[in-house]
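Okay, protein29.csv now, which holds CSV, C-alpha atoms:
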```
chain,number,residue,atom,x,y,z
A,284,MET,CA,63.6,-3.9,34.4
A,285,SER,CA,63.2,-6.4,37.3
A,286,THR,CA,60.5,-9.0,37.3
A,287,GLY,CA,59.0,-7.5,40.4
A,288,LEU,CA,58.8,-4.0,38.8
A,289,LYS,CA,57.2,-5.5,35.7
A,290,LYS,CA,54.6,-7.2,37.8
A,291,THR,CA,53.8,-4.0,39.7
A,292,ILE,CA,53.3,-2.1,36.5
A,293,VAL,CA,51.0,-4.7,35.0
A,294,LEU,CA,48.9,-4.8,38.2
A,295,ALA,CA,48.7,-1.0,38.2
A,296,VAL,CA,47.6,-0.8,34.5
A,297,THR,CA,45.1,-3.6,35.1
A,298,GLY,CA,43.7,-1.7,38.1
A,299,LEU,CA,43.4,1.5,36.1
A,300,ALA,CA,41.6,-0.2,33.3
A,301,ALA,CA,39.1,-1.6,35.7
A,302,THR,CA,38.6,1.7,37.4
A,303,LEU,CA,37.9,3.4,34.0
A,304,GLY,CA,35.4,0.7,33.1
A,305,PHE,CA,37.4,-0.9,30.3
A,306,THR,CA,36.8,-4.6,29.6
A,307,SER,CA,38.1,-6.9,27.0
A,308,VAL,CA,35.8,-7.9,24.1
A,309,ALA,CA,36.1,-11.6,25.2
A,310,SER,CA,34.7,-10.8,28.7
A,311,ALA,CA,31.4,-9.4,27.3
A,312,ASP,CA,28.5,-11.8,27.8
A,313,PRO,CA,27.4,-13.3,24.4
A,314,ILE,CA,24.1,-12.2,23.0
A,315,GLU,CA,21.9,-15.1,21.9
A,316,TYR,CA,19.2,-13.3,20.0
A,317,ALA,CA,15.9,-14.7,18.6
A,318,ALA,CA,13.9,-12.6,16.2
A,319,LEU,CA,10.3,-13.7,16.1
A,320,GLY,CA,7.2,-12.5,14.3
A,321,ASP,CA,5.8,-11.4,11.0
A,322,SER,CA,7.0,-9.6,7.8
A,323,TYR,CA,7.9,-6.4,9.7
A,324,SER,CA,10.6,-8.3,11.4
A,325,SER,CA,11.5,-10.7,8.6
A,326,GLY,CA,12.2,-7.8,6.3
A,327,ASN,CA,9.6,-8.5,3.6
A,328,GLY,CA,10.1,-5.5,1.2
A,329,ALA,CA,13.7,-4.8,2.0
A,330,GLY,CA,15.2,-7.3,-0.5
A,331,SER,CA,18.4,-9.3,-0.3
A,332,TYR,CA,16.6,-12.3,1.1
A,333,VAL,CA,18.8,-14.8,2.9
A,334,ASP,CA,17.0,-18.0,2.1
A,335,ASP,CA,14.6,-19.4,-0.5
A,336,THR,CA,11.6,-19.7,1.8
A,337,ALA,CA,8.4,-17.7,1.6
A,338,CYS,CA,9.4,-16.1,4.9
A,339,GLU,CA,11.2,-13.3,3.0
A,340,ARG,CA,14.0,-13.0,5.6
A,341,SER,CA,16.1,-10.1,4.5
A,342,ALA,CA,19.8,-9.3,5.2
A,343,ASN,CA,18.6,-5.7,5.5
A,344,ALA,CA,16.0,-6.4,8.2
A,345,TYR,CA,16.6,-4.8,11.6
A,346,PRO,CA,17.4,-8.2,13.3
A,347,GLU,CA,20.2,-8.8,10.9
A,348,LEU,CA,21.5,-5.3,11.3
A,349,TYR,CA,21.4,-5.5,15.0
A,350,ALA,CA,23.2,-8.8,15.0
A,351,LYS,CA,26.0,-7.4,12.8
A,352,GLN,CA,26.2,-4.3,15.0
A,353,SER,CA,26.3,-6.1,18.3
A,354,GLY,CA,28.0,-9.4,17.4
A,355,ALA,CA,24.9,-11.2,18.6
A,356,THR,CA,24.2,-14.8,17.4
A,357,LEU,CA,20.9,-14.5,15.5
A,358,ASP,CA,18.2,-17.1,15.5
A,359,PHE,CA,16.1,-15.6,12.7
A,360,GLN,CA,12.6,-17.1,13.0
A,361,ALA,CA,10.4,-14.2,11.8
A,362,CYS,CA,8.3,-15.1,8.8
A,363,SER,CA,6.2,-13.1,6.4
A,364,GLY,CA,2.5,-13.6,7.0
A,365,ALA,CA,2.9,-14.9,10.5
A,366,THR,CA,0.0,-14.7,13.0
A,367,VAL,CA,0.1,-15.3,16.7
A,368,THR,CA,-0.7,-18.9,16.2
A,369,ASP,CA,2.1,-19.3,13.7
A,370,VAL,CA,4.6,-17.9,16.2
A,371,LEU,CA,3.3,-20.3,18.9
A,372,ASN,CA,3.4,-23.3,16.6
A,373,ASN,CA,6.5,-22.6,14.5
A,374,GLN,CA,8.9,-20.1,16.0
A,375,LEU,CA,9.5,-20.9,19.6
A,376,GLY,CA,11.2,-24.2,19.3
A,377,THR,CA,14.8,-22.9,19.6
A,378,LEU,CA,14.2,-20.6,22.6
A,379,SER,CA,15.9,-21.8,25.8
A,380,ALA,CA,17.3,-20.6,29.1
A,381,THR,CA,20.4,-19.5,27.1
A,382,THR,CA,18.4,-17.1,25.0
A,383,THR,CA,19.3,-13.6,26.2
A,384,LEU,CA,17.3,-11.4,23.8
A,385,VAL,CA,14.0,-11.8,21.9
A,386,SER,CA,12.2,-9.4,19.6
A,387,ILE,CA,8.7,-9.9,18.2
A,388,THR,CA,6.3,-8.1,15.8
A,389,VAL,CA,3.0,-9.8,15.7
A,390,GLY,CA,-0.7,-8.8,15.6
A,391,GLY,CA,-1.1,-7.0,12.3
A,392,ASN,CA,-2.0,-10.1,10.4
A,393,ASP,CA,-4.4,-11.4,13.1
A,394,ALA,CA,-6.2,-8.1,12.9
A,395,GLY,CA,-6.6,-8.3,9.2
A,396,PHE,CA,-4.5,-5.3,8.0
A,397,THR,CA,-4.0,-6.9,4.6
A,398,ASN,CA,-7.8,-6.7,4.2
A,399,VAL,CA,-7.7,-3.2,5.5
A,400,MET,CA,-5.3,-2.0,2.9
A,401,ALA,CA,-7.2,-3.7,0.0
A,402,ASN,CA,-10.5,-2.2,1.1
A,403,CYS,CA,-9.0,1.3,1.6
A,404,ILE,CA,-7.3,1.4,-1.8
A,405,LEU,CA,-10.0,-0.2,-3.9
A,406,GLY,CA,-13.2,0.7,-2.0
A,407,GLY,CA,-13.0,4.3,-1.0
A,408,ASP,CA,-13.6,6.0,2.4
A,409,ASP,CA,-16.7,4.1,3.4
A,410,ALA,CA,-15.2,0.7,2.7
A,411,CYS,CA,-12.0,1.8,4.4
A,412,LYS,CA,-13.8,2.9,7.6
A,413,THR,CA,-15.7,-0.4,7.7
A,414,ALA,CA,-12.5,-2.4,7.4
A,415,THR,CA,-10.5,-0.3,9.9
A,416,ASP,CA,-13.4,-0.4,12.4
A,417,ALA,CA,-13.4,-4.2,12.2
A,418,ALA,CA,-9.7,-4.4,12.6
A,419,VAL,CA,-9.8,-2.1,15.7
A,420,ASP,CA,-12.6,-4.1,17.2
A,421,TYR,CA,-10.5,-7.2,16.8
A,422,VAL,CA,-7.5,-5.5,18.3
A,423,HIS,CA,-9.5,-4.4,21.4
A,424,THR,CA,-11.5,-7.6,22.0
A,425,THR,CA,-9.6,-10.6,20.7
A,426,LEU,CA,-5.9,-9.7,20.3
A,427,PRO,CA,-5.1,-9.0,24.0
A,428,GLY,CA,-5.8,-12.6,25.0
A,429,GLN,CA,-3.8,-13.9,22.0
A,430,LEU,CA,-0.8,-11.7,22.9
A,431,ASP,CA,-1.0,-12.8,26.6
A,432,GLY,CA,-0.7,-16.4,25.4
A,433,VAL,CA,2.3,-15.9,23.1
A,434,TYR,CA,4.1,-13.6,25.5
A,435,SER,CA,3.6,-16.2,28.3
A,436,ALA,CA,5.0,-18.9,26.1
A,437,ILE,CA,8.0,-16.8,25.2
A,438,ARG,CA,8.7,-16.2,28.9
A,439,ASP,CA,8.3,-19.8,29.7
A,440,LYS,CA,10.8,-20.9,27.0
A,441,ALA,CA,13.3,-18.1,27.4
A,442,PRO,CA,13.1,-17.2,31.1
A,443,ASN,CA,16.4,-15.2,31.1
A,444,ALA,CA,15.8,-13.2,28.0
A,445,LYS,CA,15.2,-9.5,27.6
A,446,VAL,CA,12.0,-9.4,25.4
A,447,VAL,CA,11.2,-6.4,23.2
A,448,VAL,CA,7.8,-6.1,21.6
A,449,VAL,CA,8.2,-4.0,18.4
A,450,GLY,CA,5.4,-1.9,17.1
A,451,TYR,CA,4.1,-0.8,13.7
A,452,PRO,CA,4.5,2.6,12.0
A,453,HIS,CA,1.8,4.8,10.5
A,454,ILE,CA,1.4,3.8,6.9
A,455,TYR,CA,0.4,7.1,5.3
A,456,PHE,CA,1.7,10.6,5.2
A,457,PRO,CA,-1.3,12.9,5.9
A,458,GLY,CA,-2.6,14.8,2.8
A,459,ASP,CA,-4.4,14.3,-0.5
A,460,ASN,CA,-1.3,14.2,-2.7
A,461,PHE,CA,-1.2,11.4,-5.3
A,462,CYS,CA,1.1,8.4,-5.0
A,463,ALA,CA,0.9,4.7,-5.9
A,464,GLY,CA,-1.3,3.0,-3.4
A,465,GLY,CA,-2.4,6.3,-2.0
A,466,VAL,CA,-5.8,7.0,-0.6
A,467,SER,CA,-7.8,10.1,0.5
A,468,ASN,CA,-6.7,12.0,3.5
A,469,THR,CA,-9.8,10.7,5.3
A,470,SER,CA,-8.8,7.1,4.6
A,471,ARG,CA,-5.2,7.8,5.6
A,472,GLY,CA,-6.5,8.9,9.0
A,473,TYR,CA,-8.5,5.7,9.3
A,474,VAL,CA,-5.5,3.5,8.5
A,475,ASN,CA,-3.1,5.4,10.8
A,476,GLY,CA,-5.7,5.4,13.6
A,477,ALA,CA,-6.0,1.6,13.3
A,478,ALA,CA,-2.2,1.4,13.6
A,479,ASP,CA,-2.4,3.6,16.8
A,480,ALA,CA,-5.0,1.2,18.3
A,481,LEU,CA,-2.8,-1.8,17.5
A,482,ASP,CA,0.3,-0.2,19.0
A,483,ALA,CA,-1.5,0.9,22.1
A,484,VAL,CA,-2.6,-2.7,22.8
A,485,LEU,CA,0.8,-4.1,22.0
A,486,ALA,CA,2.4,-1.6,24.4
A,487,LYS,CA,-0.1,-2.4,27.2
A,488,GLU,CA,0.2,-6.2,26.9
A,489,ALA,CA,4.0,-5.9,26.7
A,490,ALA,CA,4.0,-4.0,29.9
A,491,ASN,CA,1.7,-6.5,31.6
A,492,ALA,CA,4.2,-9.2,30.6
A,493,GLY,CA,7.2,-7.3,31.9
A,494,PHE,CA,8.5,-6.8,28.3
A,495,ALA,CA,9.8,-3.6,26.7
A,496,PHE,CA,8.0,-1.9,23.8
A,497,ALA,CA,9.8,-0.3,20.9
A,498,ASP,CA,7.6,2.4,19.3
A,499,VAL,CA,8.7,3.1,15.7
A,500,ARG,CA,6.1,5.7,14.8
A,501,GLY,CA,8.2,8.7,15.7
A,502,ASN,CA,11.1,7.6,13.6
A,503,PHE,CA,8.8,7.1,10.6
A,504,THR,CA,7.1,10.5,10.9
A,505,GLY,CA,7.6,12.3,7.6
A,506,HIS,CA,8.7,9.1,5.9
A,507,GLU,CA,5.4,7.3,5.4
A,508,VAL,CA,3.9,6.2,2.1
A,509,CYS,CA,3.1,9.3,-0.1
A,510,SER,CA,5.8,11.4,1.7
A,511,ASP,CA,8.8,12.9,-0.2
A,512,THR,CA,11.2,10.4,1.4
A,513,PRO,CA,9.3,7.3,2.2
A,514,TRP,CA,10.8,4.5,4.3
A,515,LEU,CA,7.9,2.3,3.5
A,516,ASN,CA,7.1,0.8,0.1
A,517,SER,CA,4.0,2.0,-1.6
A,518,LEU,CA,1.9,-0.2,-3.9
A,519,THR,CA,4.6,-2.2,-5.7
A,520,ASP,CA,5.6,-5.4,-7.5
A,521,PRO,CA,5.6,-7.9,-6.0
A,522,LEU,CA,2.4,-7.0,-4.1
A,523,SER,CA,3.7,-8.7,-0.9
A,524,ASP,CA,6.4,-6.0,-0.6
A,525,SER,CA,3.8,-3.2,-0.6
A,526,PHE,CA,3.3,-1.2,2.6
A,527,HIS,CA,6.4,-2.7,4.3
A,528,PRO,CA,9.6,-1.0,5.4
A,529,ASN,CA,12.3,-0.6,2.8
A,530,VAL,CA,16.0,-0.8,3.4
A,531,THR,CA,16.1,2.7,5.0
A,532,GLY,CA,13.0,1.9,7.0
A,533,HIS,CA,14.8,-0.9,8.8
A,534,ALA,CA,18.1,0.9,9.2
A,535,GLU,CA,16.7,4.3,10.3
A,536,GLY,CA,13.3,3.5,11.5
A,537,TYR,CA,13.3,0.0,13.1
A,538,LEU,CA,16.9,-0.5,14.3
A,539,PRO,CA,17.1,2.7,16.3
A,540,ALA,CA,13.8,2.1,18.0
A,541,PHE,CA,14.7,-1.5,18.8
A,542,THR,CA,18.1,-0.6,20.3
A,543,ALA,CA,16.6,2.3,22.3
A,544,ALA,CA,14.3,-0.2,24.0
A,545,LEU,CA,17.1,-2.5,25.1
```
Translate the structure of the given file into structure tokens.
Amino acid sequence: MSTGLKKTIVLAVTGLAATLGFTSVASADPIEYAALGDSYSSGNGAGSYVDDTACERSANAYPELYAKQSGATLDFQACSGATVTDVLNNQLGTLSATTTLVSITVGGNDAGFTNVMANCILGGDDACKTATDAAVDYVHTTLPGQLDGVYSAIRDKAPNAKVVVVGYPHIYFPGDNFCAGGVSNTSRGYVNGAADALDAVLAKEAANAGFAFADVRGNFTGHEVCSDTPWLNSLTDPLSDSFHPNVTGHAEGYLPAFTAAL
């Protein structure tokens, strides 16, 4: 085969590949991904923790799963117990103009959802309503301004990044069936209603900032605490793992919602 003919064939094949949309792996833009936020992003409750810190960062958490799936370089900053202030003070230092993707779950700790769960489990319906009402009031009156601040800081530090605000699931499967950490159907409604209020504010503030919102509630429907196939831990040991997504919750609940928002 002549050199000229070889060159013609190579050019033809290259042109066909381009026409069909094929690109080499090396030509894909690298994903510099920063995972920010609280225990719902760190993977508290999913086991296989990747460091010895109290942040409870799990190899089974959706940021780790996405990084493995996509080939992204992961900057895993999310930490169990984090509030908006914690994110602002401790998690934004590595963001830069080269960061291409950011995810964040935050707001549940600020609104006092740990207190909500304690009151609902130990105190009955009246105590549960008082606690959830206080959380919802905080979500409506104080949290929006806090979210505006942290979202603005993220945009300032990572001006070129796609930012996905990730929400929270309903905790309880509706009903009065018994399970560890279960409460009455009335209290389940209070807790799930508070989660709805939180997600609504997260979605609104994300839209105001020009960020995407990943709603996980649909994926978790039928897999809440007290369901037959829960993707959330019920009351368990250690207590910090309670009411957090398990391995399946991250793989089947959080990861698909996150990737759908990209």
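Distance annotation: of A:Cys362, A:Ala489, A:Ala444, A:Val419, the residue with the minimal separation from Ile314 (chain A) is A:Ala444; atom set is all atoms listed in the file.
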Straight-line distance linking CA of Val530 (chain A) with CA of Val399 (chain A), stated in Å to one decimal
23.9 Å
Which residue, A:Tyr349, A:Phe541, A:Tyr316, A:Phe456, has the smallest gap to Thr388 (chain A) when you use all atoms listed in the file?
A:Phe541
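Among the candidates A:Tyr473, A:Thr425, A:Ala490, A:Ala463, the residue lying nearest to Asn402 (chain A) is A:Tyr473 (atoms considered: all atoms listed in the file).
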Would you compute the distance between CA of Ala329 (chain A) and CA of Leu515 (chain A)? Give it in Å to one decimal.
9.3 Å
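For the residues A:Pro539, A:Pro521, A:Ala317, A:Gln360, ranking by smallest atom-to-atom distance to Asp334 (chain A) using only C-alpha atoms places A:Gln360 first.
CA of Arg471 (chain A) to CA of Val499 (chain A) spans 17.8 Å [interatomic distance, one decimal].
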Which residue gives the smallest distance to His527 (chain A) among A:Gly395, A:Pro452, A:Gly501, A:Pro313, with all atoms listed in the file counted?
A:Pro452
Taking only C-alpha atoms into account, name the residue in A:Gly364, A:Ile404, A:Leu371, A:Leu538 that is nearest to Gln352 (chain A).
A:Leu538
Report as a PyMOL selection string all protein, DNA and RNA residues lying within 6 Å of Cys338 (chain A), evaluated on all atoms listed in the file, omitting residues in the same chain fewer than 2 positions from it.
chain A and resi 336+340+362-363
Could you take the residues named above and write them with C-alpha atoms, as a PDB file, keeping the file's coordinate frame?
```
ATOM      1  CA  THR A 336      11.600 -19.700   1.800  1.00  0.00           C
ATOM      2  CA  ARG A 340      14.000 -13.000   5.600  1.00  0.00           C
ATOM      3  CA  CYS A 362       8.300 -15.100   8.800  1.00  0.00           C
ATOM      4  CA  SER A 363       6.200 -13.100   6.400  1.00  0.00           C
TER       5      SER A 363
END
```
Hey, what's within 12 Å of Gly376 (chain A) if we count all atoms listed in the file and toss same-chain stuff fewer than 2 positions away? As a PDB file with C-alpha atoms, keeping the file's coordinate frame, please?
```pdb
ATOM      1  CA  ALA A 317      15.900 -14.700  18.600  1.00  0.00           C
ATOM      2  CA  LEU A 319      10.300 -13.700  16.100  1.00  0.00           C
ATOM      3  CA  ASP A 358      18.200 -17.100  15.500  1.00  0.00           C
ATOM      4  CA  PHE A 359      16.100 -15.600  12.700  1.00  0.00           C
ATOM      5  CA  GLN A 360      12.600 -17.100  13.000  1.00  0.00           C
ATOM      6  CA  ASP A 369       2.100 -19.300  13.700  1.00  0.00           C
ATOM      7  CA  VAL A 370       4.600 -17.900  16.200  1.00  0.00           C
ATOM      8  CA  LEU A 371       3.300 -20.300  18.900  1.00  0.00           C
ATOM      9  CA  ASN A 372       3.400 -23.300  16.600  1.00  0.00           C
ATOM     10  CA  ASN A 373       6.500 -22.600  14.500  1.00  0.00           C
ATOM     11  CA  GLN A 374       8.900 -20.100  16.000  1.00  0.00           C
ATOM     12  CA  LEU A 378      14.200 -20.600  22.600  1.00  0.00           C
ATOM     13  CA  SER A 379      15.900 -21.800  25.800  1.00  0.00           C
ATOM     14  CA  THR A 382      18.400 -17.100  25.000  1.00  0.00           C
ATOM     15  CA  ALA A 436       5.000 -18.900  26.100  1.00  0.00           C
ATOM     16  CA  ILE A 437       8.000 -16.800  25.200  1.00  0.00           C
ATOM     17  CA  ASP A 439       8.300 -19.800  29.700  1.00  0.00           C
ATOM     18  CA  LYS A 440      10.800 -20.900  27.000  1.00  0.00           C
ATOM     19  CA  ALA A 441      13.300 -18.100  27.400  1.00  0.00           C
TER      20      ALA A 441
END
```
Test item: residues at most 9 Å from Glu507 (chain A), only C-alpha atoms, excluding those fewer than 4 positions along its chain, as a ChimeraX atom specification:
/A:452-457,503,511-517
Closest-contact table, region 422-540 of chain A side, partner region 408-415 of chain A, 10 Å, counting all atoms listed in the file, as CSV:
```
residue,atom,partner,partner_atom,distance
A:Val466,CA,A:Asp408,CA,8.4
A:Ser467,CA,A:Asp408,CA,7.4
A:Asn468,CA,A:Asp408,CA,9.2
A:Thr469,CA,A:Asp408,CA,6.7
A:Ser470,CA,A:Asp408,CA,5.4
A:Arg471,CA,A:Cys411,CA,9.1
A:Gly472,CA,A:Lys412,CA,9.6
A:Tyr473,CA,A:Lys412,CA,6.2
A:Val474,CA,A:Thr415,CA,6.4
A:Asn475,CA,A:Thr415,CA,9.4
A:Gly476,CA,A:Thr415,CA,8.3
A:Ala477,CA,A:Thr415,CA,6.0
A:Ala478,CA,A:Thr415,CA,9.2
```
Dump as an mmCIF file, in the frame of the given file, selection limited to C-alpha atoms:
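Okay, this is what ended up in out-v5.cif:
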```
data_model
loop_
_atom_site.group_PDB
_atom_site.id
_atom_site.type_symbol
_atom_site.label_atom_id
_atom_site.label_comp_id
_atom_site.auth_asym_id
_atom_site.auth_seq_id
_atom_site.Cartn_x
_atom_site.Cartn_y
_atom_site.Cartn_z
ATOM 1 C CA VAL A 466 -5.800 7.000 -0.600
ATOM 2 C CA SER A 467 -7.800 10.100 0.500
ATOM 3 C CA ASN A 468 -6.700 12.000 3.500
ATOM 4 C CA THR A 469 -9.800 10.700 5.300
ATOM 5 C CA SER A 470 -8.800 7.100 4.600
ATOM 6 C CA ARG A 471 -5.200 7.800 5.600
ATOM 7 C CA GLY A 472 -6.500 8.900 9.000
ATOM 8 C CA TYR A 473 -8.500 5.700 9.300
ATOM 9 C CA VAL A 474 -5.500 3.500 8.500
ATOM 10 C CA ASN A 475 -3.100 5.400 10.800
ATOM 11 C CA GLY A 476 -5.700 5.400 13.600
ATOM 12 C CA ALA A 477 -6.000 1.600 13.300
ATOM 13 C CA ALA A 478 -2.200 1.400 13.600
#
```
At most 8 Å from (16.0, -8.9, -0.8), file frame, only C-alpha atoms: which residues, as a short mmCIF file (atom, residue, chain, number, x, y, z; two decimals) with C-alpha atoms, in the frame of the given file?
```cif
data_model
loop_
_atom_site.label_atom_id
_atom_site.label_comp_id
_atom_site.auth_asym_id
_atom_site.auth_seq_id
_atom_site.Cartn_x
_atom_site.Cartn_y
_atom_site.Cartn_z
CA ASN A 327 9.60 -8.50 3.60
CA GLY A 328 10.10 -5.50 1.20
CA ALA A 329 13.70 -4.80 2.00
CA GLY A 330 15.20 -7.30 -0.50
CA SER A 331 18.40 -9.30 -0.30
CA TYR A 332 16.60 -12.30 1.10
CA VAL A 333 18.80 -14.80 2.90
CA GLU A 339 11.20 -13.30 3.00
CA ARG A 340 14.00 -13.00 5.60
CA SER A 341 16.10 -10.10 4.50
CA ALA A 342 19.80 -9.30 5.20
CA ASN A 343 18.60 -5.70 5.50
#
```
